[in-house]
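*Asks:* Okay, so here is structure.pdb, and as you'll see once you scroll down, it has PDB, C-alpha atoms, pLDDT in the B column.
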```pdb
ATOM      1  CA  MET A 140       6.359 -27.668  12.013  1.00 66.00           C
ATOM      2  CA  VAL A 141       2.837 -26.926  10.778  1.00 92.00           C
ATOM      3  CA  TYR A 142       2.331 -24.028   8.392  1.00 94.00           C
ATOM      4  CA  ASP A 143       0.524 -21.847  10.947  1.00 94.00           C
ATOM      5  CA  ASP A 144       3.614 -21.960  13.160  1.00 94.00           C
ATOM      6  CA  VAL A 145       5.856 -20.895  10.286  1.00 95.00           C
ATOM      7  CA  ALA A 146       3.565 -17.990   9.391  1.00 96.00           C
ATOM      8  CA  SER A 147       3.267 -16.982  13.040  1.00 96.00           C
ATOM      9  CA  GLU A 148       7.058 -16.796  13.415  1.00 96.00           C
ATOM     10  CA  GLU A 149       7.356 -14.699  10.249  1.00 97.00           C
ATOM     11  CA  LEU A 150       4.647 -12.389  11.570  1.00 97.00           C
ATOM     12  CA  ALA A 151       6.489 -11.949  14.870  1.00 97.00           C
ATOM     13  CA  ARG A 152       9.721 -11.010  13.062  1.00 96.00           C
ATOM     14  CA  TRP A 153       7.876  -8.534  10.856  1.00 96.00           C
ATOM     15  CA  ARG A 154       6.194  -6.919  13.853  1.00 96.00           C
ATOM     16  CA  ARG A 155       9.551  -6.415  15.569  1.00 94.00           C
ATOM     17  CA  LYS A 156      10.874  -4.762  12.421  1.00 92.00           C
ATOM     18  CA  VAL A 157       7.910  -2.365  12.223  1.00 93.00           C
ATOM     19  CA  ARG A 158       8.155  -1.435  15.901  1.00 91.00           C
ATOM     20  CA  LYS A 159      11.864  -0.620  15.781  1.00 86.00           C
ATOM     21  CA  ASN A 160      12.532   3.032  16.510  1.00 74.00           C
ATOM     22  CA  PRO A 161      13.652   5.107  13.507  1.00 65.00           C
ATOM     23  CA  SER A 162      17.406   5.105  13.016  1.00 57.00           C
ATOM     24  CA  MET A 163      19.516   8.252  12.900  1.00 48.00           C
ATOM     25  CA  THR A 164      19.989   7.655   9.169  1.00 46.00           C
ATOM     26  CA  SER A 165      16.245   7.645   8.536  1.00 52.00           C
ATOM     27  CA  LYS A 166      15.847  10.865  10.544  1.00 52.00           C
ATOM     28  CA  LEU A 167      18.572  12.574   8.498  1.00 46.00           C
ATOM     29  CA  THR A 168      16.972  11.274   5.308  1.00 48.00           C
ATOM     30  CA  LYS A 169      13.684  12.809   6.364  1.00 52.00           C
ATOM     31  CA  GLN A 170      15.335  16.184   6.969  1.00 54.00           C
ATOM     32  CA  TRP A 171      16.967  16.073   3.549  1.00 47.00           C
ATOM     33  CA  GLN A 172      13.689  14.974   1.991  1.00 51.00           C
ATOM     34  CA  ASN A 173      11.886  18.005   3.396  1.00 54.00           C
ATOM     35  CA  LYS A 174      14.432  20.239   1.650  1.00 55.00           C
ATOM     36  CA  PHE A 175      14.136  18.193  -1.522  1.00 50.00           C
ATOM     37  CA  ASN A 176      10.373  18.680  -1.575  1.00 54.00           C
ATOM     38  CA  GLY A 177      10.906  22.399  -1.971  1.00 56.00           C
ATOM     39  CA  ILE A 178      12.589  22.032  -5.361  1.00 54.00           C
ATOM     40  CA  ILE A 179      10.099  19.592  -6.870  1.00 57.00           C
ATOM     41  CA  PRO A 180       7.891  21.297  -9.486  1.00 62.00           C
ATOM     42  CA  GLU A 181       4.495  22.196  -8.088  1.00 65.00           C
ATOM     43  CA  LYS A 182       2.718  20.432 -10.940  1.00 67.00           C
ATOM     44  CA  VAL A 183       4.323  17.172  -9.804  1.00 61.00           C
ATOM     45  CA  HIS A 184       2.996  17.676  -6.267  1.00 63.00           C
ATOM     46  CA  THR A 185      -0.424  18.428  -7.766  1.00 70.00           C
ATOM     47  CA  VAL A 186      -0.449  15.202  -9.764  1.00 67.00           C
ATOM     48  CA  VAL A 187       0.473  13.155  -6.692  1.00 66.00           C
ATOM     49  CA  THR A 188      -2.054  14.877  -4.419  1.00 70.00           C
ATOM     50  CA  THR A 189      -4.914  14.610  -6.902  1.00 74.00           C
ATOM     51  CA  SER A 190      -4.129  10.990  -7.711  1.00 71.00           C
ATOM     52  CA  ILE A 191      -4.109   9.952  -4.060  1.00 72.00           C
ATOM     53  CA  LYS A 192      -7.328  11.834  -3.316  1.00 74.00           C
ATOM     54  CA  ASN A 193      -9.027  10.099  -6.228  1.00 76.00           C
ATOM     55  CA  MET A 194      -7.691   6.718  -5.142  1.00 73.00           C
ATOM     56  CA  VAL A 195      -8.906   7.120  -1.556  1.00 73.00           C
ATOM     57  CA  GLN A 196     -12.341   8.273  -2.631  1.00 73.00           C
ATOM     58  CA  ALA A 197     -12.658   5.493  -5.213  1.00 75.00           C
ATOM     59  CA  THR A 198     -11.734   2.903  -2.599  1.00 77.00           C
ATOM     60  CA  ILE A 199     -14.148   4.247   0.005  1.00 71.00           C
ATOM     61  CA  TYR A 200     -17.032   4.512  -2.419  1.00 73.00           C
ATOM     62  CA  GLY A 201     -16.271   1.120  -3.925  1.00 70.00           C
ATOM     63  CA  THR A 202     -15.814   2.163  -7.539  1.00 59.00           C
ATOM     64  CA  GLU A 203     -13.037  -0.425  -7.890  1.00 58.00           C
ATOM     65  CA  VAL A 204     -15.280  -3.222  -6.666  1.00 58.00           C
ATOM     66  CA  THR A 205     -16.481  -5.542  -9.418  1.00 53.00           C
ATOM     67  CA  SER A 206     -17.996  -8.996  -9.533  1.00 46.00           C
ATOM     68  CA  LYS A 207     -14.553 -10.572  -9.790  1.00 63.00           C
ATOM     69  CA  HIS A 208     -13.707  -9.357  -6.278  1.00 65.00           C
ATOM     70  CA  GLN A 209     -15.704 -11.992  -4.480  1.00 73.00           C
ATOM     71  CA  PRO A 210     -14.003 -13.892  -1.649  1.00 80.00           C
ATOM     72  CA  LEU A 211     -12.517 -17.279  -2.420  1.00 79.00           C
ATOM     73  CA  GLU A 212     -13.967 -19.987  -0.236  1.00 76.00           C
ATOM     74  CA  ALA A 213     -12.931 -23.450   0.939  1.00 78.00           C
ATOM     75  CA  LEU A 214      -9.190 -22.735   0.898  1.00 87.00           C
ATOM     76  CA  THR A 215      -6.861 -23.730   3.710  1.00 93.00           C
ATOM     77  CA  PHE A 216      -4.702 -21.004   5.213  1.00 95.00           C
ATOM     78  CA  GLN A 217      -1.624 -22.441   3.500  1.00 95.00           C
ATOM     79  CA  GLU A 218      -3.407 -22.418   0.157  1.00 95.00           C
ATOM     80  CA  GLN A 219      -4.413 -18.810   0.717  1.00 96.00           C
ATOM     81  CA  GLU A 220      -0.805 -17.869   1.395  1.00 97.00           C
ATOM     82  CA  GLU A 221       0.451 -19.714  -1.670  1.00 97.00           C
ATOM     83  CA  LYS A 222      -2.041 -17.828  -3.826  1.00 96.00           C
ATOM     84  CA  ALA A 223      -1.076 -14.581  -2.113  1.00 97.00           C
ATOM     85  CA  LYS A 224       2.628 -15.120  -2.870  1.00 97.00           C
ATOM     86  CA  ALA A 225       1.857 -15.907  -6.505  1.00 97.00           C
ATOM     87  CA  LEU A 226      -0.256 -12.759  -6.687  1.00 96.00           C
ATOM     88  CA  ILE A 227       2.604 -10.668  -5.295  1.00 97.00           C
ATOM     89  CA  GLU A 228       5.019 -11.992  -7.918  1.00 96.00           C
ATOM     90  CA  ARG A 229       2.557 -11.272 -10.733  1.00 95.00           C
ATOM     91  CA  TYR A 230       1.881  -7.713  -9.609  1.00 94.00           C
ATOM     92  CA  LYS A 231       5.572  -6.995  -9.005  1.00 92.00           C
ATOM     93  CA  LYS A 232       6.264  -7.784 -12.661  1.00 88.00           C
ATOM     94  CA  THR A 233       3.297  -5.695 -13.793  1.00 87.00           C
ATOM     95  CA  ALA A 234       4.444  -2.710 -11.739  1.00 82.00           C
ATOM     96  CA  ALA A 235       8.033  -3.042 -12.967  1.00 80.00           C
ATOM     97  CA  LEU A 236       6.943  -3.042 -16.608  1.00 77.00           C
ATOM     98  CA  GLU A 237       4.749  -0.018 -16.034  1.00 69.00           C
ATOM     99  CA  GLY A 238       7.552   1.828 -14.233  1.00 61.00           C
ATOM    100  CA  ALA A 239      10.074   1.087 -16.964  1.00 59.00           C
ATOM    101  CA  GLY A 240       7.715   2.304 -19.661  1.00 51.00           C
ATOM    102  CA  THR A 241       6.831   5.587 -17.997  1.00 48.00           C
ATOM    103  CA  GLY A 242      10.342   6.161 -16.658  1.00 44.00           C
ATOM    104  CA  PHE A 243      11.853   5.949 -20.127  1.00 44.00           C
ATOM    105  CA  GLY A 244       9.994   9.050 -21.251  1.00 43.00           C
ATOM    106  CA  GLY A 245      11.187  11.528 -18.649  1.00 45.00           C
ATOM    107  CA  ILE A 246       9.102  13.984 -16.671  1.00 45.00           C
ATOM    108  CA  LEU A 247       5.801  13.844 -18.574  1.00 44.00           C
ATOM    109  CA  LEU A 248       5.475  10.069 -18.619  1.00 47.00           C
ATOM    110  CA  GLY A 249       7.081   9.915 -15.184  1.00 49.00           C
ATOM    111  CA  MET A 250       4.268  12.026 -13.824  1.00 54.00           C
ATOM    112  CA  ALA A 251       1.785   9.661 -15.456  1.00 56.00           C
ATOM    113  CA  ASP A 252       3.300   6.844 -13.398  1.00 56.00           C
ATOM    114  CA  PHE A 253       1.796   8.136 -10.132  1.00 65.00           C
ATOM    115  CA  PRO A 254      -1.872   7.419 -10.890  1.00 72.00           C
ATOM    116  CA  LEU A 255      -0.997   4.258 -12.820  1.00 74.00           C
ATOM    117  CA  LEU A 256       1.019   2.808  -9.958  1.00 74.00           C
ATOM    118  CA  LEU A 257      -1.692   3.722  -7.451  1.00 78.00           C
ATOM    119  CA  SER A 258      -4.219   1.864  -9.568  1.00 82.00           C
ATOM    120  CA  ILE A 259      -2.001  -1.224  -9.704  1.00 86.00           C
ATOM    121  CA  LYS A 260      -1.508  -1.155  -5.928  1.00 87.00           C
ATOM    122  CA  MET A 261      -5.206  -0.905  -5.159  1.00 88.00           C
ATOM    123  CA  LYS A 262      -6.151  -3.630  -7.629  1.00 90.00           C
ATOM    124  CA  PHE A 263      -3.522  -5.784  -5.979  1.00 94.00           C
ATOM    125  CA  LEU A 264      -4.970  -5.155  -2.513  1.00 94.00           C
ATOM    126  CA  HIS A 265      -8.487  -5.945  -3.707  1.00 93.00           C
ATOM    127  CA  ASP A 266      -7.221  -9.251  -5.081  1.00 94.00           C
ATOM    128  CA  MET A 267      -5.354 -10.012  -1.861  1.00 95.00           C
ATOM    129  CA  ALA A 268      -8.517  -9.539   0.184  1.00 95.00           C
ATOM    130  CA  THR A 269     -10.300 -11.935  -2.156  1.00 93.00           C
ATOM    131  CA  VAL A 270      -7.580 -14.564  -1.717  1.00 95.00           C
ATOM    132  CA  TYR A 271      -7.872 -14.385   2.081  1.00 96.00           C
ATOM    133  CA  GLY A 272     -11.646 -14.758   1.908  1.00 94.00           C
ATOM    134  CA  TYR A 273     -12.748 -11.202   2.703  1.00 94.00           C
ATOM    135  CA  ASP A 274     -15.552  -9.475   0.832  1.00 91.00           C
ATOM    136  CA  VAL A 275     -14.527  -5.992  -0.344  1.00 89.00           C
ATOM    137  CA  ARG A 276     -18.126  -5.204  -1.207  1.00 87.00           C
ATOM    138  CA  ASP A 277     -18.298  -4.434   2.516  1.00 88.00           C
ATOM    139  CA  TYR A 278     -16.926  -0.900   2.850  1.00 86.00           C
ATOM    140  CA  ARG A 279     -15.192  -1.831   6.102  1.00 90.00           C
ATOM    141  CA  GLU A 280     -13.024  -4.281   4.194  1.00 92.00           C
ATOM    142  CA  ARG A 281     -12.149  -1.522   1.767  1.00 89.00           C
ATOM    143  CA  LEU A 282     -11.133   0.623   4.725  1.00 87.00           C
ATOM    144  CA  PHE A 283      -8.842  -2.175   5.813  1.00 93.00           C
ATOM    145  CA  LEU A 284      -7.153  -2.029   2.392  1.00 92.00           C
ATOM    146  CA  LEU A 285      -6.455   1.656   2.981  1.00 86.00           C
ATOM    147  CA  MET A 286      -5.005   0.814   6.390  1.00 89.00           C
ATOM    148  CA  ILE A 287      -2.633  -1.680   4.763  1.00 94.00           C
ATOM    149  CA  PHE A 288      -1.662   0.996   2.257  1.00 88.00           C
ATOM    150  CA  GLN A 289      -0.974   3.550   4.987  1.00 86.00           C
ATOM    151  CA  LEU A 290       1.014   1.092   7.050  1.00 90.00           C
ATOM    152  CA  THR A 291       3.170   0.267   4.034  1.00 89.00           C
ATOM    153  CA  PHE A 292       3.865   3.802   2.904  1.00 82.00           C
ATOM    154  CA  SER A 293       4.389   5.540   6.214  1.00 80.00           C
ATOM    155  CA  SER A 294       7.463   5.577   8.381  1.00 76.00           C
ATOM    156  CA  GLY A 295       8.538   5.947  11.995  1.00 76.00           C
ATOM    157  CA  GLU A 296       5.854   6.627  14.561  1.00 79.00           C
ATOM    158  CA  LYS A 297       3.066   6.802  11.965  1.00 83.00           C
ATOM    159  CA  ARG A 298       3.853   3.280  10.874  1.00 87.00           C
ATOM    160  CA  GLN A 299       3.818   1.988  14.430  1.00 91.00           C
ATOM    161  CA  ALA A 300       0.478   3.704  15.054  1.00 90.00           C
ATOM    162  CA  MET A 301      -1.004   2.098  11.946  1.00 90.00           C
ATOM    163  CA  LEU A 302       0.169  -1.335  13.091  1.00 95.00           C
ATOM    164  CA  THR A 303      -1.707  -0.819  16.356  1.00 95.00           C
ATOM    165  CA  LYS A 304      -4.856   0.044  14.387  1.00 93.00           C
ATOM    166  CA  VAL A 305      -4.508  -3.155  12.377  1.00 96.00           C
ATOM    167  CA  GLU A 306      -4.108  -5.159  15.575  1.00 96.00           C
ATOM    168  CA  THR A 307      -7.359  -3.774  17.011  1.00 95.00           C
ATOM    169  CA  TRP A 308      -9.261  -3.824  13.720  1.00 95.00           C
ATOM    170  CA  GLU A 309     -11.543  -6.778  14.444  1.00 94.00           C
ATOM    171  CA  LYS A 310     -12.915  -4.957  17.482  1.00 93.00           C
ATOM    172  CA  ASP A 311     -12.910  -1.463  16.010  1.00 92.00           C
ATOM    173  CA  ARG A 312     -14.652  -2.427  12.777  1.00 91.00           C
ATOM    174  CA  LEU A 313     -17.771  -3.335  14.733  1.00 90.00           C
ATOM    175  CA  LEU A 314     -18.021   0.236  16.028  1.00 89.00           C
ATOM    176  CA  LEU A 315     -17.833   1.940  12.639  1.00 86.00           C
ATOM    177  CA  PRO A 316     -20.862   3.976  11.536  1.00 83.00           C
ATOM    178  CA  ASP A 317     -22.757   3.424   8.318  1.00 79.00           C
ATOM    179  CA  GLU A 318     -20.764   4.006   5.162  1.00 75.00           C
ATOM    180  CA  ASP A 319     -22.275   7.402   4.338  1.00 70.00           C
ATOM    181  CA  LYS A 320     -21.597   8.794   7.809  1.00 73.00           C
ATOM    182  CA  TYR A 321     -17.999   7.564   7.729  1.00 73.00           C
ATOM    183  CA  VAL A 322     -17.304   9.105   4.335  1.00 66.00           C
ATOM    184  CA  GLU A 323     -18.453  12.515   5.575  1.00 65.00           C
ATOM    185  CA  HIS A 324     -15.555  12.628   8.038  1.00 62.00           C
ATOM    186  CA  ILE A 325     -12.713  11.055   6.068  1.00 62.00           C
ATOM    187  CA  ASP A 326      -9.495  13.056   6.010  1.00 61.00           C
ATOM    188  CA  TRP A 327      -7.602  12.124   2.867  1.00 57.00           C
ATOM    189  CA  LYS A 328      -4.964  14.847   3.349  1.00 59.00           C
ATOM    190  CA  GLU A 329      -3.036  12.879   5.961  1.00 61.00           C
ATOM    191  CA  PHE A 330      -3.107   9.953   3.587  1.00 59.00           C
ATOM    192  CA  GLN A 331      -1.562  11.782   0.663  1.00 61.00           C
ATOM    193  CA  LEU A 332       1.103  13.536   2.763  1.00 63.00           C
ATOM    194  CA  SER A 333       2.439  10.283   4.223  1.00 63.00           C
ATOM    195  CA  TYR A 334       2.493   8.588   0.847  1.00 64.00           C
ATOM    196  CA  ARG A 335       4.043  11.527  -0.980  1.00 61.00           C
ATOM    197  CA  ASP A 336       6.809  11.893   1.607  1.00 60.00           C
ATOM    198  CA  TYR A 337       7.568   8.191   1.452  1.00 60.00           C
ATOM    199  CA  ILE A 338       7.958   8.016  -2.329  1.00 56.00           C
ATOM    200  CA  ASP A 339       9.341  11.465  -3.211  1.00 47.00           C
ATOM    201  CA  ILE A 340      13.076  10.798  -3.396  1.00 47.00           C
ATOM    202  CA  PRO A 341      13.137   7.540  -5.360  1.00 49.00           C
ATOM    203  CA  LYS A 342      10.273   8.492  -7.665  1.00 50.00           C
ATOM    204  CA  MET A 343      11.767  11.876  -8.584  1.00 50.00           C
ATOM    205  CA  LEU A 344      14.766  10.022 -10.018  1.00 49.00           C
ATOM    206  CA  GLN A 345      12.331   8.318 -12.372  1.00 47.00           C
ATOM    207  CA  LEU A 346      11.706  11.669 -14.063  1.00 49.00           C
ATOM    208  CA  ILE A 347      15.221  11.628 -15.551  1.00 46.00           C
ATOM    209  CA  PRO A 348      14.871  10.554 -19.218  1.00 49.00           C
ATOM    210  CA  GLY A 349      16.426   7.163 -19.995  1.00 48.00           C
ATOM    211  CA  PHE A 350      17.868   6.611 -16.514  1.00 44.00           C
ATOM    212  CA  GLY A 351      14.337   6.862 -15.204  1.00 46.00           C
ATOM    213  CA  ALA A 352      13.415   3.608 -16.908  1.00 49.00           C
ATOM    214  CA  ILE A 353      15.820   1.665 -14.705  1.00 52.00           C
ATOM    215  CA  VAL A 354      14.710   3.523 -11.592  1.00 56.00           C
ATOM    216  CA  GLY A 355      11.037   3.168 -12.460  1.00 56.00           C
ATOM    217  CA  ALA A 356      11.201  -0.582 -12.931  1.00 71.00           C
ATOM    218  CA  THR A 357      13.286  -1.152  -9.804  1.00 75.00           C
ATOM    219  CA  ILE A 358      11.318   1.125  -7.500  1.00 76.00           C
ATOM    220  CA  ASN A 359       7.907  -0.077  -8.634  1.00 78.00           C
ATOM    221  CA  TYR A 360       9.007  -3.694  -8.194  1.00 84.00           C
ATOM    222  CA  HIS A 361      10.212  -2.883  -4.681  1.00 84.00           C
ATOM    223  CA  PHE A 362       7.027  -1.010  -3.741  1.00 84.00           C
ATOM    224  CA  LEU A 363       4.807  -3.952  -4.732  1.00 90.00           C
ATOM    225  CA  ASP A 364       7.091  -6.370  -2.912  1.00 93.00           C
ATOM    226  CA  LEU A 365       6.843  -4.231   0.217  1.00 92.00           C
ATOM    227  CA  LEU A 366       3.073  -3.832  -0.110  1.00 94.00           C
ATOM    228  CA  GLY A 367       2.722  -7.588  -0.511  1.00 97.00           C
ATOM    229  CA  GLU A 368       4.729  -8.291   2.631  1.00 97.00           C
ATOM    230  CA  VAL A 369       2.653  -5.874   4.689  1.00 97.00           C
ATOM    231  CA  ALA A 370      -0.653  -7.158   3.297  1.00 98.00           C
ATOM    232  CA  MET A 371       0.194 -10.781   4.073  1.00 98.00           C
ATOM    233  CA  ASN A 372       1.159  -9.966   7.636  1.00 98.00           C
ATOM    234  CA  CYS A 373      -1.928  -7.819   8.208  1.00 98.00           C
ATOM    235  CA  TYR A 374      -4.159 -10.697   7.183  1.00 98.00           C
ATOM    236  CA  ARG A 375      -2.094 -13.029   9.350  1.00 98.00           C
ATOM    237  CA  ILE A 376      -2.868 -10.779  12.316  1.00 97.00           C
ATOM    238  CA  ARG A 377      -6.560 -11.100  11.594  1.00 97.00           C
ATOM    239  CA  ARG A 378      -6.305 -14.885  11.364  1.00 95.00           C
ATOM    240  CA  PHE A 379      -4.294 -15.437  14.514  1.00 95.00           C
ATOM    241  CA  GLU A 380      -5.806 -12.728  16.704  1.00 87.00           C
ATOM    242  CA  GLY A 381      -9.225 -11.948  15.228  1.00 72.00           C
TER     243      GLY A 381
END
```
How does this structure look as structure tokens?

*Replies:*
Amino acid sequence: MVYDDVASEELARWRRKVRKNPSMTSKLTKQWQNKFNGIIPEKVHTVVTTSIKNMVQATIYGTEVTSKHQPLEALTFQEQEEKAKALIERYKKTAALEGAGTGFGGILLGMADFPLLLSIKMKFLHDMATVYGYDVRDYRERLFLLMIFQLTFSSGEKRQAMLTKVETWEKDRLLLPDEDKYVEHIDWKEFQLSYRDYIDIPKMLQLIPGFGAIVGATINYHFLDLLGEVAMNCYRIRRFEG
């Protein structure tokens, strides 16, 4: 079996998983999470909201884009995927170390983990785009990174809707206005709400001194693993259906 066939089968399985309707357990978890949000200190919510707003704006405006983020050329698809998998493993370890360090210190360092982890995730996505041969100096490619992020850290119907947007991206990207006009209408609030809701429960456990180190390392490792899986499959969609 050629590599494209293997990747295509993995993509099909992943799509089925994303399109599955939310289970009763996930619905109950969401209800409990809404109650849990009410007891989280407001300053924690503020840190998360501000960090996500800054991350979205930085990505749109390209402040994370440097000369090192130039697309790799002359790689076969299999070589791209091998580099992508190696990149995922490297960033998973980086995120775990960061989570363990901030989680060990309790609430103050735990709060510092939010912007740090966001930075690691976005650097990872920039590098993934480079591996697959896309130029993030084009703001539309940076928008695609945000779509991957939203797809990863949303749940239920929102996640299914984001998958549909990824599937139609190659057509939709051609209809986007100039960068300045797009930025005028961006709504970052939806972005931060989906992300905050997704991470609240596990990340709040990281604020417990000592115990938080274990939680921080484990959760951050898992988040980067999940982000890597979604990113690979989003770029597979563009290869097979673009």

*Asks:* Please determine, counting all atoms listed in the file, which residue among A:Leu302, A:Leu214, A:Val141, A:Ile199 has the shortest atom-to-atom distance to Glu280 in chain A.

*Replies:*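 Selected residue with least distance to Glu280 in chain A: A:Ile199.
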
*Asks:* How would you write, as number ranges by chain, the residues chosen by the PyMOL selection byres ((chain A and resi 309) around 12) on this structure?

*Replies:* A: 279-280, 283, 303-308, 310-315, 373-374, 376-381

*Asks:* Mind checking which residues fall within 7 Å of range 270-276 of chain A, counting all atoms listed in the file, ignoring those fewer than 2 positions away in the same chain, and posting them as a ChimeraX atom specification?

*Replies:* /A:204,208-212,219,222-223,265-268,278,280-281

*Asks:* Please indicate the distance in Å from CA of Tyr142 in chain A to CA of Glu221 in chain A, rounded to one decimal place.

*Replies:*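 Taking CA of Tyr142 in chain A as the start and CA of Glu221 in chain A as the end point, the length is 11.1 Å.
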
*Asks:* Take the PyMOL selection byres ((chain A and resi 261) around 9), run it mentally on this structure, and tell me the resulting residues as JSON, numbers by chain.

*Replies:* {"A": [194, 198, 203, 256, 257, 258, 259, 260, 262, 263, 264, 265, 266, 284, 285, 288]}

*Asks:* Tell me, in Å to one decimal, how far CA of Tyr321 in chain A is from CA of Lys192 in chain A.

*Replies:*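 Result for CA of Tyr321 in chain A versus CA of Lys192 in chain A: 15.9 Å, one decimal.
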
*Asks:* For CA of Ala300 in chain A and CA of Ala370 in chain A, determine how far apart the two atoms are, in Å to one decimal place.

*Replies:*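 Going from CA of Ala300 in chain A over to CA of Ala370 in chain A covers 16.0 Å.
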
*Asks:* Got a sec: who's within 9 Å of Leu366 in chain A, counting only C-alpha atoms, leaving out chain neighbours fewer than 3 positions off, as number ranges by chain?

*Replies:* A: 227, 260, 264, 287-288, 290-292, 361-363, 369-371

*Asks:* Enclose range 143-162 of chain A, meaning all of its atoms listed in the file, in a box aligned along x, y and z, pad it by 3 Å on each side, and list the centre and edge lengths in Å to one decimal, as AutoDock Vina command-line options.

*Replies:*
```
--center_x 9.0 --center_y -8.4 --center_z 13.0 --size_x 22.9 --size_y 33.1 --size_z 13.1
```

*Asks:* Please fill the gaps in range 289-308 of chain A so it has N, CA and C atoms, and write that as a CSV table (one decimal), keeping the file's coordinate frame.

*Replies:*
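Everything below was put into out-v3.csv:
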```csv
chain,number,residue,atom,x,y,z
A,289,GLN,N,-1.6,2.6,4.1
A,289,GLN,CA,-1.0,3.6,5.0
A,289,GLN,C,0.2,2.9,5.8
A,290,LEU,N,0.0,1.7,6.3
A,290,LEU,CA,1.0,1.1,7.0
A,290,LEU,C,2.3,0.9,6.2
A,291,THR,N,2.0,0.5,4.9
A,291,THR,CA,3.2,0.3,4.0
A,291,THR,C,3.9,1.5,3.7
A,292,PHE,N,3.2,2.6,3.4
A,292,PHE,CA,3.9,3.8,2.9
A,292,PHE,C,3.9,4.9,3.9
A,293,SER,N,4.1,4.6,5.2
A,293,SER,CA,4.4,5.5,6.2
A,293,SER,C,5.7,5.1,6.9
A,294,SER,N,6.2,5.9,7.7
A,294,SER,CA,7.5,5.6,8.4
A,294,SER,C,7.4,6.0,9.8
A,295,GLY,N,8.4,5.5,10.6
A,295,GLY,CA,8.5,5.9,12.0
A,295,GLY,C,7.3,5.7,12.9
A,296,GLU,N,7.0,6.7,13.6
A,296,GLU,CA,5.9,6.6,14.6
A,296,GLU,C,4.5,6.4,13.9
A,297,LYS,N,4.3,7.0,12.7
A,297,LYS,CA,3.1,6.8,12.0
A,297,LYS,C,2.9,5.3,11.6
A,298,ARG,N,4.0,4.7,11.2
A,298,ARG,CA,3.9,3.3,10.9
A,298,ARG,C,3.5,2.4,12.1
A,299,GLN,N,4.1,2.7,13.2
A,299,GLN,CA,3.8,2.0,14.4
A,299,GLN,C,2.4,2.2,14.9
A,300,ALA,N,1.9,3.4,14.7
A,300,ALA,CA,0.5,3.7,15.1
A,300,ALA,C,-0.5,2.9,14.2
A,301,MET,N,-0.1,2.8,12.9
A,301,MET,CA,-1.0,2.1,11.9
A,301,MET,C,-1.0,0.6,12.3
A,302,LEU,N,0.1,0.1,12.7
A,302,LEU,CA,0.2,-1.3,13.1
A,302,LEU,C,-0.8,-1.6,14.3
A,303,THR,N,-0.8,-0.7,15.2
A,303,THR,CA,-1.7,-0.8,16.4
A,303,THR,C,-3.2,-0.8,15.9
A,304,LYS,N,-3.5,0.0,14.9
A,304,LYS,CA,-4.9,0.0,14.4
A,304,LYS,C,-5.2,-1.3,13.7
A,305,VAL,N,-4.3,-1.9,13.0
A,305,VAL,CA,-4.5,-3.2,12.4
A,305,VAL,C,-4.8,-4.2,13.4
A,306,GLU,N,-4.0,-4.2,14.5
A,306,GLU,CA,-4.1,-5.2,15.6
A,306,GLU,C,-5.4,-5.1,16.3
A,307,THR,N,-6.1,-3.9,16.3
A,307,THR,CA,-7.4,-3.8,17.0
A,307,THR,C,-8.5,-3.7,16.0
A,308,TRP,N,-8.3,-4.0,14.8
A,308,TRP,CA,-9.3,-3.8,13.7
A,308,TRP,C,-10.5,-4.7,13.9
```
